[in-house]
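Report on the structure given below.
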Amino acid sequence: NAGVTQTPKFQVLKTGQSMTLQCAQDMNHNSMYWYRQDPGMGLRLIYYSASEGTTDKGEVPNGYNVSRLNKREFSLRLESAAPSQTSVYFCASSELDEQFFGPGTRLTVL
Amino acid sequence: GENVEQHPSTLSVQEGDSAVIKCTYSDSASNYFPWYKQELGKRPQLIIDIRSNVGEKKDQRIAVTLNKTAKHFSLHITETQPEDSAVYFCAASMGGYSTLTFGKGTMLLVSP
């Protein structure tokens with residue numbers, strides 16, 4: 001089992017560019033999440049999907065959109081990247097309580 | 001919504017000492033409290049969790065205690081080792097399919 005996978009591992013964007021971060025899990029979990037991690041700020045929830053076909057905003061959703069493509073895949077899109085979106089992005093999945101995290105994507109917006 | 005405060009933000013100990021990290025939460029409806037460990041450059045991983053119907057839980061050198069009345073919970077690491085050096089995050093949720101709210105993290109440094 002690969003668990004939770006994310007692509008890409010690293011990305012550099014220019015202000016205004018768009019991109020999609022991909023996440024997939026092979027644990028048959030219903031719930032999936034996108035977090036951003038900034039120094040001294042912990043893990044902040046951007047969006048989550050409690051089950052296939054549903055998505056909800058988290059603590060910091062502005063500037064992002066998500067798509068729950070199917071039960072396995074949950075993507076995060078930045079339509080017009082800003083320097084404030086420079087961060088490490090983690091995807092996670094869960095069935096009830098324990099969340100399993102992907103390896104992260106380090107995004108830099110210049 | 002839920003608010004989780006975590007202290008201290010950094011903690012330095014000598015190998016073999018004990019380390020204690022404390023968290024407080026605001027929502028009395030929260031009933032699930034996990035702790036995650038994140039090594040440098042790696043993903044967060046669950047190390048121990050506790051539910052509100054339990055006051056203490058141990059797993060080898062780590063333990064978690066919960067005081068529901070005071071709305072705080074703590075992580076205790078005994079006989080610390082250099083490989084315990086990492087960032088530790090506490091979190092709280094209402095359990096089940098509820099989302100987690102994380103504290104800001106504690107960087108633990110264990111010196112040989």
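Each chain in the structure tokens gets a letter, A, B and so on, in the order shown; residues start at 1 in every chain, and ligands are counted from 1 in the order they appear.
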For chain B, work out the contacting residues on chain A at 9 Å, counting only C-alpha atoms, and write them as a ChimeraX atom specification. /A:31,33,39-45,48,50,58,90,94-104
Those same residues - N, CA and C atoms - I'd like them written as a compact mmCIF listing (two decimals), in the first residue's frame.
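Below is the file that was written, selection_0.txt:
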# COMPACT_ATOMS: atom_id res chain seq x y z
N SER A 31 -12.90 10.21 3.98
CA SER A 31 -12.59 11.63 4.17
C SER A 31 -11.19 11.98 3.70
N TYR A 33 -8.46 15.62 3.11
CA TYR A 33 -8.20 16.98 3.60
C TYR A 33 -7.02 17.60 2.87
N PRO A 39 5.70 28.21 8.89
CA PRO A 39 6.49 28.24 10.12
C PRO A 39 5.74 28.91 11.26
N GLY A 40 5.68 28.24 12.40
CA GLY A 40 5.05 28.81 13.57
C GLY A 40 3.53 28.85 13.55
N MET A 41 2.93 28.29 12.48
CA MET A 41 1.46 28.38 12.35
C MET A 41 0.77 27.03 12.45
N GLY A 42 1.52 25.97 12.59
CA GLY A 42 0.90 24.66 12.67
C GLY A 42 0.33 24.24 11.33
N LEU A 43 -0.65 23.37 11.39
CA LEU A 43 -1.34 22.86 10.20
C LEU A 43 -2.72 23.51 10.14
N ARG A 44 -2.97 24.22 9.06
CA ARG A 44 -4.26 24.89 8.93
C ARG A 44 -5.06 24.26 7.79
N LEU A 45 -6.31 23.97 8.07
CA LEU A 45 -7.16 23.27 7.12
C LEU A 45 -7.65 24.23 6.04
N TYR A 48 -11.85 20.37 2.96
CA TYR A 48 -11.94 18.95 3.21
C TYR A 48 -13.14 18.37 2.48
N ALA A 50 -15.70 15.24 3.27
CA ALA A 50 -16.10 14.21 4.24
C ALA A 50 -16.41 12.89 3.54
N GLY A 58 -12.46 24.95 4.96
CA GLY A 58 -11.83 24.87 6.27
C GLY A 58 -11.54 26.27 6.80
N PHE A 90 -0.03 19.77 2.61
CA PHE A 90 -0.20 18.37 2.94
C PHE A 90 -1.63 17.94 2.64
N SER A 94 -8.68 9.99 6.02
CA SER A 94 -9.06 9.31 7.26
C SER A 94 -10.36 8.55 7.09
N GLU A 95 -10.49 7.53 7.94
CA GLU A 95 -11.76 6.87 8.13
C GLU A 95 -12.03 6.98 9.63
N LEU A 96 -12.90 7.83 10.04
CA LEU A 96 -13.11 8.21 11.43
C LEU A 96 -11.90 9.01 11.89
N ASP A 97 -11.24 8.63 12.99
CA ASP A 97 -10.36 9.56 13.67
C ASP A 97 -8.97 9.77 13.10
N GLU A 98 -8.13 8.74 13.00
CA GLU A 98 -6.73 8.96 12.64
C GLU A 98 -6.60 9.44 11.22
N GLN A 99 -5.84 10.52 11.06
CA GLN A 99 -5.56 11.04 9.73
C GLN A 99 -4.17 10.59 9.28
N PHE A 100 -4.09 10.18 8.02
CA PHE A 100 -2.83 9.75 7.41
C PHE A 100 -2.43 10.81 6.40
N PHE A 101 -1.19 11.28 6.54
CA PHE A 101 -0.73 12.38 5.72
C PHE A 101 0.11 11.90 4.53
N GLY A 102 0.05 12.69 3.45
CA GLY A 102 0.95 12.49 2.34
C GLY A 102 2.30 13.14 2.62
N PRO A 103 3.26 13.00 1.69
CA PRO A 103 4.61 13.51 1.92
C PRO A 103 4.75 15.02 1.79
N GLY A 104 3.74 15.69 1.26
CA GLY A 104 3.78 17.13 1.15
C GLY A 104 4.26 17.64 -0.20
Write out as a PyMOL selection string all residues of chain B that DSSP puts in strand (DSSP E or B) for this structure's backbone. chain B and resi 4-7+10-14+19-25+32-38+45-51+56-59+62-67+72-77+86-93+101-102+106-111
Could you check the closest approach to Thr10 of chain B for each of B:Ala92, B:Ala86, B:Ile77, B:Val64 and tell me which residue wins, using only C-alpha atoms?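 With only C-alpha atoms as the atom set, the closest residue is B:Ala86.
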At a cut-off of 6 Å, using only C-alpha atoms, what residues contact Ser49 of chain A? Leave out same-chain residues fewer than 5 positions from it and give the result as a list in words.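 So the residues in contact are Ser31, Met32, Thr54 and Thr55 of chain A.
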Give me the residues within 8 Å of Ser75 of chain A as a short mmCIF file (atom, residue, chain, number, x, y, z; two decimals) with all heavy atoms, in the first residue's frame, counting only C-alpha atoms and dropping any in the same chain fewer than 6 places off.
data_model
loop_
_atom_site.label_atom_id
_atom_site.label_comp_id
_atom_site.auth_asym_id
_atom_site.auth_seq_id
_atom_site.Cartn_x
_atom_site.Cartn_y
_atom_site.Cartn_z
N THR A 20 -2.43 22.86 -10.18
CA THR A 20 -3.24 21.92 -9.41
C THR A 20 -2.32 20.95 -8.70
O THR A 20 -1.42 20.37 -9.31
CB THR A 20 -4.20 21.14 -10.33
OG1 THR A 20 -5.07 22.06 -10.98
CG2 THR A 20 -5.02 20.15 -9.52
N LEU A 21 -2.55 20.79 -7.39
CA LEU A 21 -1.85 19.80 -6.60
C LEU A 21 -2.72 18.54 -6.53
O LEU A 21 -3.92 18.63 -6.28
CB LEU A 21 -1.60 20.30 -5.17
CG LEU A 21 -0.44 21.29 -4.95
CD1 LEU A 21 -0.68 22.60 -5.67
CD2 LEU A 21 -0.26 21.54 -3.45
N GLN A 22 -2.08 17.41 -6.78
CA GLN A 22 -2.82 16.16 -6.83
C GLN A 22 -2.58 15.33 -5.58
O GLN A 22 -1.49 15.33 -5.01
CB GLN A 22 -2.39 15.33 -8.05
CG GLN A 22 -2.45 16.06 -9.37
CD GLN A 22 -3.88 16.22 -9.88
OE1 GLN A 22 -4.83 15.71 -9.30
NE2 GLN A 22 -4.03 16.95 -10.99
N CYS A 23 -3.60 14.62 -5.15
CA CYS A 23 -3.52 13.75 -3.98
C CYS A 23 -4.34 12.50 -4.25
O CYS A 23 -5.46 12.59 -4.79
CB CYS A 23 -4.06 14.47 -2.75
SG CYS A 23 -4.18 13.42 -1.28
N VAL A 66 -11.15 23.13 -4.72
CA VAL A 66 -10.86 21.70 -4.65
C VAL A 66 -11.84 20.92 -5.51
O VAL A 66 -12.93 21.40 -5.83
CB VAL A 66 -10.93 21.16 -3.20
CG1 VAL A 66 -9.79 21.70 -2.35
CG2 VAL A 66 -12.28 21.47 -2.57
N SER A 67 -11.40 19.68 -5.84
CA SER A 67 -12.27 18.75 -6.55
C SER A 67 -12.06 17.37 -5.96
O SER A 67 -10.91 16.91 -5.86
CB SER A 67 -11.94 18.72 -8.04
OG SER A 67 -12.21 19.95 -8.65
N ARG A 68 -13.16 16.74 -5.54
CA ARG A 68 -13.09 15.33 -5.13
C ARG A 68 -13.46 14.52 -6.37
O ARG A 68 -14.61 14.32 -6.69
CB ARG A 68 -14.05 15.05 -3.98
CG ARG A 68 -13.96 13.62 -3.45
CD ARG A 68 -12.73 13.42 -2.63
NE ARG A 68 -12.58 12.06 -2.16
CZ ARG A 68 -13.00 11.62 -0.97
NH1 ARG A 68 -13.61 12.46 -0.14
NH2 ARG A 68 -12.81 10.37 -0.63
N LEU A 69 -12.44 14.09 -7.07
CA LEU A 69 -12.61 13.47 -8.39
C LEU A 69 -13.30 12.12 -8.27
O LEU A 69 -14.11 11.74 -9.13
CB LEU A 69 -11.24 13.33 -9.05
CG LEU A 69 -10.46 14.66 -9.16
CD1 LEU A 69 -9.02 14.40 -9.58
CD2 LEU A 69 -11.15 15.59 -10.13
#
Could you tell me which of A:Gly53, A:Gly16, A:Gly3, A:Pro8 comes closest to Gln85 of chain A if we count only C-alpha atoms?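 Distance minimum relative to Gln85 of chain A lands on A:Gly16.
We find atom CA of Asp38 of chain A and atom CA of Tyr25 of chain B to be spaced 21.0 Å apart.
Residues within 8 Å of Ala24 of chain A, counting only C-alpha atoms and excluding same-chain residues fewer than 4 positions away, are A:Val4, A:Thr5, A:Gln6, A:Arg72, A:Glu73, A:Phe74.
When atom CA of Arg106 of chain A is paired with atom CA of Tyr89 of chain A, their separation reads 6.4 Å.
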Would you pick out the contacts of Gln81 of chain B at 8 Å or less, using only C-alpha atoms, so that residues sharing its chain but fewer than 6 positions from it are not included, and give the list as a PyMOL selection string? chain B and resi 15-16+110+112
Could you please take those selected residues and save C-alpha atoms as a PDB file, in the first residue's frame?
ATOM      1  CA  GLU B  15      19.013  12.877  26.678  1.00  0.00           C
ATOM      2  CA  GLY B  16      17.376  10.833  29.405  1.00  0.00           C
ATOM      3  CA  VAL B 110      17.040  16.318  22.656  1.00  0.00           C
ATOM      4  CA  PRO B 112      23.074  13.831  23.620  1.00  0.00           C
TER       5      PRO B 112
END
Could you check which of A:Pro83, A:Asn30, A:Tyr64, A:Thr108 is closest to Ser51 of chain A, using only C-alpha atoms?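 Counting only C-alpha atoms, the residue closest to Ser51 of chain A is A:Asn30.
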Mind pulling up the distance from atom CA of Ser111 of chain B to atom CA of Glu56 of chain B?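 Going from atom CA of Glu56 of chain B over to atom CA of Ser111 of chain B covers 27.7 Å.
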